[in-house]
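Okay, structure first, notes after.
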Amino acid sequence: MYAFKFLRPETVRQAANLLVKHEEAKLLAGGHTLIPTMKLRLAGPPLLVDLSKIEGLSGIEMKGRSLVIGAMTRHNEVATSPVVKENIPALAALAGQIGDPAVRHMGTIGGSIANNDPNADYPAACLGLGATIVTNKRRIKADDFFKGLFETALEPAEIITKVMFPKVNKAAYVKFPNPASRYALVGVFVSKRGSEIRVAVTGAGGNGVFRVTSFEEALKKRFGAKSLEGLSIPADGMGSDIHGSAEYRAHLVGVLARRAVAAATA
Amino acid sequence: MSAVAMTVNGKPVTGDVDPRTLLVQFVRENLRLTGTHVGCDTSQCGACVVHVNGKAVKSCTVFAWQCEGADVVTIEGLAEANGPLHPMQEAFREHHGLQCGYCTPGMIMAAIDIVNRKGNELDEHTIRHELEGNICRCTGYHNIVKAIAAGARAMAK
């Protein structure tokens with residue numbers, strides 16, 4: 001690991017100012033991607049700006065019809081929260097499948113989304129539920145937020161403060177975990193909110209999380225697993241690595257989407 | 001260098017460390033508490049699991065300075081020297097829940113965390129699922145699972 005300095009600001013404004021002053025600085029949330037990446041010297045920020053001392057960045061509450069989760073809220077808190085379980089149980093279930101118990105005690109929703117790992121679970125939930133990502137500067141629709149592999153709409157010195165998930169009628173997430181890392185080889189999040197249907201896929205796309213509009217159209221006629229029978233997506237554009245070919249990933253998208261809809265309508 | 005202060009196994013400790021120092025290095029090298037092991041150093045194997053403010057974390061993936069003011073418990077903090085073992089430790093001994101023993105400190109710290117979260121009656125499926133982040137390279141899982149079920153019940157007494 002390369003040497004670095006660290007600072008622990010107490011407000012989001014201070015943290016943002018530090019990012020303005022130190023272009024190469026990195027934010028530290030749960031650290032469960034950043035620290036391993038620094039160990040491998042794939043990242044070598046000269047300054048870490050730790051978010052853990054900022055009050056008000058963590059917590060879960062219902063505000064009107066939205067479930068609001070603070071950026072520093074740990075995966076385990078989302079997984080076990082009675083508020084999340086009652087209002088969007090699929091989101092609690094998703095959080096409970098990230099990594100392992102010790103990882104879930106540290107990892108945060110804001111960190112996961114800001115990192116936008118193409119195999120991470122939370123981007124599928126954000127896109128699959130039509131979430132709004134709130135930063136110190138603005139509100140960003142999930143549809144506009146995820147920009148490709150590890151790329152987001154976040155600007156320099158922009159910090160995620162919370163994520164707002166609209167309450168939906170039905171939702172489910174089904175993933176095929178990589179047996180070693182527990183990241184999603186492929187994961188599919190489906191939801192129905194009135195006439196709005198979303199099918200979001202993580203792990204499969206060669207350019208990160210994406211929606212499957214052909215599946216969404218089919219589900220608009222009737223929100224049931226049968227509506228997806230015989231439907232598939234092309235392997236073109238899917239990622240491919242030692243864990244699974246593009247064809248295999250494309251196949252899994254169809255299988256897991258049907259399972260997710262079945263789970264959402266069970 | 002930066003100063004850190006925390007409570008480890010009930011005792012206040014301080015150190016002056018490079019910011020790169022991981023919690024597991026601080027515990028092993030500064031405090032000489034070598035019960036906590038480094039297995040993979042990549043957050044996967046769980047040999048380094050300790051409790052920070054009552055929760056199991058992988059101490060290879062936390063900087064020491066992140067634990068400023070925290071209450072840390074390592075395997076050495078579970079039982080008094082020359083006193084009786086913690087019920088979970090005793091269960092691992094009783095059920096032969098270890099072979100080479102390298103993963104054992106992390107297994108026991110993870111096991112106690114499972115009991116704290118899931119209660120004292122744990123079925124095999126729950127235990128195996130909850131142990132996803134702890135690897136035993138002797139593959140001695142069968143007896144580890146048995147030991148955790150027994151240790152969990154013993155902790156209720």
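Labels for the structure tokens follow display order: chains A, B, ..., residues from 1 in each chain, ligands from 1.
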Tell me as number ranges by chain which residues belonging to chain A come within 10 Å of chain B, counting only C-alpha atoms. A: 1-6, 8, 30-40, 48, 50, 52-53, 80, 99-106, 179-182
*asked:* What's around B:Ala79 at 12 Å? Count only C-alpha atoms, leave out sequence neighbours fewer than 4 positions away in its own chain, and write the answer as a PyMOL selection string.
replied: chain B and resi 9-10+73-75+83-90
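Residues of stretch 2-107 of chain B that DSSP, applied to the backbone, places in alpha helix (DSSP H): B:Leu23, B:Val24, B:Gln25, B:Pro87, B:Met88, B:Gln89, B:Glu90, B:Ala91, B:Phe92, B:Arg93, B:Glu94, B:Thr104, B:Pro105, B:Gly106, B:Met107.
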Tell me, which residues of stretch 42-120 of chain B carry DSSP strand (DSSP E or B), written as a short mmCIF file (atom, residue, chain, number, x, y, z; two decimals) with N, CA and C atoms, in the first residue's frame?
```
data_model
loop_
_atom_site.label_atom_id
_atom_site.label_comp_id
_atom_site.auth_asym_id
_atom_site.auth_seq_id
_atom_site.Cartn_x
_atom_site.Cartn_y
_atom_site.Cartn_z
N VAL B 49 -11.05 -12.15 12.03
CA VAL B 49 -12.28 -11.55 12.59
C VAL B 49 -12.09 -11.21 14.07
N VAL B 50 -12.41 -9.96 14.40
CA VAL B 50 -12.47 -9.50 15.79
C VAL B 50 -13.80 -8.78 15.95
N HIS B 51 -14.13 -8.41 17.17
CA HIS B 51 -15.35 -7.63 17.38
C HIS B 51 -14.97 -6.16 17.60
N VAL B 52 -15.60 -5.28 16.84
CA VAL B 52 -15.42 -3.84 17.03
C VAL B 52 -16.78 -3.27 17.44
N LYS B 55 -19.45 -5.91 17.10
CA LYS B 55 -19.79 -6.52 15.81
C LYS B 55 -18.57 -7.15 15.16
N ALA B 56 -18.78 -8.30 14.55
CA ALA B 56 -17.68 -8.99 13.87
C ALA B 56 -17.23 -8.18 12.66
N VAL B 57 -15.94 -7.91 12.58
CA VAL B 57 -15.38 -7.28 11.38
C VAL B 57 -14.07 -7.97 11.02
N LYS B 58 -13.70 -7.82 9.75
CA LYS B 58 -12.45 -8.39 9.29
C LYS B 58 -11.35 -7.36 9.53
N PHE B 63 -8.53 0.16 8.96
CA PHE B 63 -7.31 0.80 9.48
C PHE B 63 -7.43 0.96 10.99
N ASP B 71 -14.35 -0.09 21.04
CA ASP B 71 -14.19 -1.19 21.98
C ASP B 71 -13.92 -2.44 21.15
N VAL B 72 -12.69 -2.94 21.22
CA VAL B 72 -12.29 -4.07 20.39
C VAL B 72 -12.12 -5.31 21.27
N VAL B 73 -12.64 -6.43 20.82
CA VAL B 73 -12.42 -7.69 21.52
C VAL B 73 -11.77 -8.68 20.56
#
```
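One distance worth recording is that between atom CA of A:Val209 and atom CA of A:Pro123, which is 6.5 Å.
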Near B:Val145, counting only C-alpha atoms, which residues have an atom at most 12 Å away, once you skip same-chain residues fewer than 4 positions from it, shown as a ChimeraX atom specification? /B:88,91-92,95-98,107-108,110-111,114,122-131,134,136,139-141,149-152
C-alpha atoms of the current selection, written as a PDB file, in the first residue's frame:
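Output file part00.pdb is given in full below:
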```pdb
ATOM      1  CA  MET B  88     -17.804 -21.261  22.475  1.00  0.00           C
ATOM      2  CA  ALA B  91     -17.483 -26.262  22.493  1.00  0.00           C
ATOM      3  CA  PHE B  92     -14.768 -26.149  19.808  1.00  0.00           C
ATOM      4  CA  HIS B  95     -16.447 -31.214  19.423  1.00  0.00           C
ATOM      5  CA  HIS B  96     -13.003 -31.193  17.855  1.00  0.00           C
ATOM      6  CA  GLY B  97     -13.932 -28.087  15.876  1.00  0.00           C
ATOM      7  CA  LEU B  98     -10.380 -27.530  14.674  1.00  0.00           C
ATOM      8  CA  MET B 107     -14.273 -18.925  13.508  1.00  0.00           C
ATOM      9  CA  ILE B 108     -14.921 -18.472  17.227  1.00  0.00           C
ATOM     10  CA  ALA B 110     -17.604 -15.081  14.012  1.00  0.00           C
ATOM     11  CA  ALA B 111     -19.550 -17.789  15.870  1.00  0.00           C
ATOM     12  CA  ILE B 114     -23.777 -15.234  14.948  1.00  0.00           C
ATOM     13  CA  LEU B 122     -29.020 -22.338  15.505  1.00  0.00           C
ATOM     14  CA  ASP B 123     -29.791 -24.950  12.868  1.00  0.00           C
ATOM     15  CA  GLU B 124     -27.127 -26.353  10.582  1.00  0.00           C
ATOM     16  CA  HIS B 125     -28.298 -24.423   7.536  1.00  0.00           C
ATOM     17  CA  THR B 126     -28.137 -21.096   9.384  1.00  0.00           C
ATOM     18  CA  ILE B 127     -24.655 -21.785  10.723  1.00  0.00           C
ATOM     19  CA  ARG B 128     -23.266 -22.842   7.353  1.00  0.00           C
ATOM     20  CA  HIS B 129     -24.804 -19.832   5.652  1.00  0.00           C
ATOM     21  CA  GLU B 130     -23.517 -17.427   8.311  1.00  0.00           C
ATOM     22  CA  LEU B 131     -20.004 -18.881   7.973  1.00  0.00           C
ATOM     23  CA  ASN B 134     -14.861 -17.848   7.225  1.00  0.00           C
ATOM     24  CA  CYS B 136     -11.232 -23.524   6.958  1.00  0.00           C
ATOM     25  CA  THR B 139     -12.176 -28.299   5.367  1.00  0.00           C
ATOM     26  CA  GLY B 140     -13.119 -29.234   8.915  1.00  0.00           C
ATOM     27  CA  TYR B 141     -16.518 -27.592   8.622  1.00  0.00           C
ATOM     28  CA  ALA B 149     -24.512 -25.223  17.557  1.00  0.00           C
ATOM     29  CA  ALA B 150     -23.383 -26.594  20.932  1.00  0.00           C
ATOM     30  CA  GLY B 151     -21.497 -23.429  21.900  1.00  0.00           C
ATOM     31  CA  ALA B 152     -24.540 -21.310  21.054  1.00  0.00           C
TER      32      ALA B 152
END
```
Could you give me, as an NGL selection string, the residues within 10 Å of A:Ser227, counting only C-alpha atoms and dropping anything in the same chain fewer than 4 positions from it?
-> :A and (215-223 or 231 or 258 or 261)
Of A:Asn116, A:Asn178, A:Asn136, A:Thr108, the one nearest to A:Ile159 when counting only C-alpha atoms is A:Asn136
Correct to one decimal, the distance atom CA of A:Gln97-atom CA of A:Ile242 is 22.4 Å
Checklist entry - Could you name the residues that touch B:Gln25 at 10 Å or less, counting only C-alpha atoms, but leaving out those on the same chain fewer than 6 positions away, as a list in words? => result Val17, Leu31, Arg32, Leu33, Thr34, Thr36, His37, Val38, Ser59, Cys60, Phe63 and Ala64 of chain B
Next on the checklist: List as an MDAnalysis selection string the protein and nucleic acid residues near A:Lys21, meaning an atom at most 12 Å away when only C-alpha atoms are counted, but skip any in the same chain fewer than 3 places from it.
Outcome noted: chainID A and resid 14:18 24:26 47 49 156:157
Please produce a file of the residues just selected, as a PDB file, in the first residue's frame, where the atoms kept are C-alpha atoms.
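Below is the file again-v9.pdb, written as the result:
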```
ATOM      1  CA  GLN A  14     -15.979  20.185   5.204  1.00  0.00           C
ATOM      2  CA  ALA A  15     -15.581  16.901   3.371  1.00  0.00           C
ATOM      3  CA  ALA A  16     -16.530  18.488   0.055  1.00  0.00           C
ATOM      4  CA  ASN A  17     -14.098  21.370   0.666  1.00  0.00           C
ATOM      5  CA  LEU A  18     -11.320  18.870   1.271  1.00  0.00           C
ATOM      6  CA  GLU A  24      -6.440  13.242  -5.676  1.00  0.00           C
ATOM      7  CA  ALA A  25      -8.204  12.589  -2.373  1.00  0.00           C
ATOM      8  CA  LYS A  26     -10.619   9.692  -2.000  1.00  0.00           C
ATOM      9  CA  LEU A  47      -5.361  11.597   1.212  1.00  0.00           C
ATOM     10  CA  VAL A  49     -11.361  11.742   3.679  1.00  0.00           C
ATOM     11  CA  PRO A 156     -15.636  16.066  -8.369  1.00  0.00           C
ATOM     12  CA  ALA A 157     -16.410  17.052  -4.746  1.00  0.00           C
TER      13      ALA A 157
END
```
Note to self: List the spatial neighbours of stretch 144-154 of chain A as a VMD selection string - criterion: any atom at most 9 Å away, only C-alpha atoms, same-chain residues fewer than 2 positions off excluded.
What the structure shows: chain A and resid 113 to 118 123 127 132 to 133 135 140 to 142 156 to 160 206 to 210
Generate a file of the selected residues that holds N, CA and C atoms, formatted as a compact mmCIF listing (two decimals), in the first residue's frame.
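After the write, result.txt holds the following:
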```txt
# COMPACT_ATOMS: atom_id res chain seq x y z
N ILE A 113 -22.78 2.35 -4.16
CA ILE A 113 -23.35 3.02 -5.33
C ILE A 113 -22.31 3.93 -6.00
N ALA A 114 -21.54 4.65 -5.17
CA ALA A 114 -20.53 5.55 -5.73
C ALA A 114 -19.46 4.77 -6.49
N ASN A 115 -19.16 3.56 -6.02
CA ASN A 115 -18.14 2.75 -6.67
C ASN A 115 -18.66 2.15 -7.98
N ASN A 116 -19.96 1.82 -8.00
CA ASN A 116 -20.62 1.24 -9.19
C ASN A 116 -19.82 0.09 -9.79
N ASP A 117 -19.47 -0.86 -8.94
CA ASP A 117 -18.85 -2.09 -9.43
C ASP A 117 -19.88 -2.80 -10.34
N PRO A 118 -19.45 -3.28 -11.50
CA PRO A 118 -20.42 -3.90 -12.42
C PRO A 118 -21.05 -5.18 -11.87
N PRO A 123 -26.53 -1.28 -7.13
CA PRO A 123 -26.93 -0.60 -8.36
C PRO A 123 -28.18 -1.21 -8.99
N LEU A 127 -31.59 0.99 -9.73
CA LEU A 127 -32.18 1.06 -11.07
C LEU A 127 -33.51 0.31 -11.10
N THR A 132 -33.80 7.61 -6.24
CA THR A 132 -33.19 8.92 -6.45
C THR A 132 -31.98 9.02 -5.53
N ILE A 133 -30.83 9.35 -6.12
CA ILE A 133 -29.61 9.48 -5.33
C ILE A 133 -29.45 10.96 -4.98
N THR A 135 -27.32 14.00 -3.35
CA THR A 135 -25.94 14.38 -3.03
C THR A 135 -25.95 15.74 -2.33
N ILE A 140 -30.24 13.00 -8.20
CA ILE A 140 -29.97 12.35 -9.48
C ILE A 140 -30.83 11.08 -9.58
N LYS A 141 -31.60 10.95 -10.66
CA LYS A 141 -32.37 9.73 -10.88
C LYS A 141 -31.41 8.58 -11.16
N ALA A 142 -31.75 7.42 -10.64
CA ALA A 142 -30.89 6.25 -10.87
C ALA A 142 -30.66 6.03 -12.36
N PRO A 156 -16.63 15.89 -9.42
CA PRO A 156 -15.64 16.07 -8.37
C PRO A 156 -16.26 16.82 -7.18
N ALA A 157 -15.93 16.40 -5.98
CA ALA A 157 -16.41 17.05 -4.75
C ALA A 157 -17.91 16.89 -4.54
N GLU A 158 -18.51 15.96 -5.26
CA GLU A 158 -19.93 15.66 -5.01
C GLU A 158 -20.00 14.41 -4.14
N ILE A 159 -20.81 14.47 -3.09
CA ILE A 159 -20.86 13.40 -2.09
C ILE A 159 -22.30 12.92 -1.94
N ILE A 160 -22.50 11.62 -2.05
CA ILE A 160 -23.84 11.05 -1.84
C ILE A 160 -24.18 11.19 -0.35
N GLY A 206 -21.59 -5.73 -20.07
CA GLY A 206 -20.19 -5.35 -20.27
C GLY A 206 -19.94 -3.90 -19.91
N ASN A 207 -21.03 -3.15 -19.69
CA ASN A 207 -20.89 -1.74 -19.33
C ASN A 207 -21.63 -1.40 -18.04
N GLY A 208 -21.80 -2.41 -17.18
CA GLY A 208 -22.43 -2.17 -15.89
C GLY A 208 -23.92 -2.44 -15.89
N VAL A 209 -24.58 -1.96 -14.83
CA VAL A 209 -26.00 -2.24 -14.60
C VAL A 209 -26.85 -1.67 -15.75
N PHE A 210 -27.91 -2.39 -16.13
CA PHE A 210 -28.76 -1.91 -17.22
C PHE A 210 -30.19 -2.44 -17.05
```
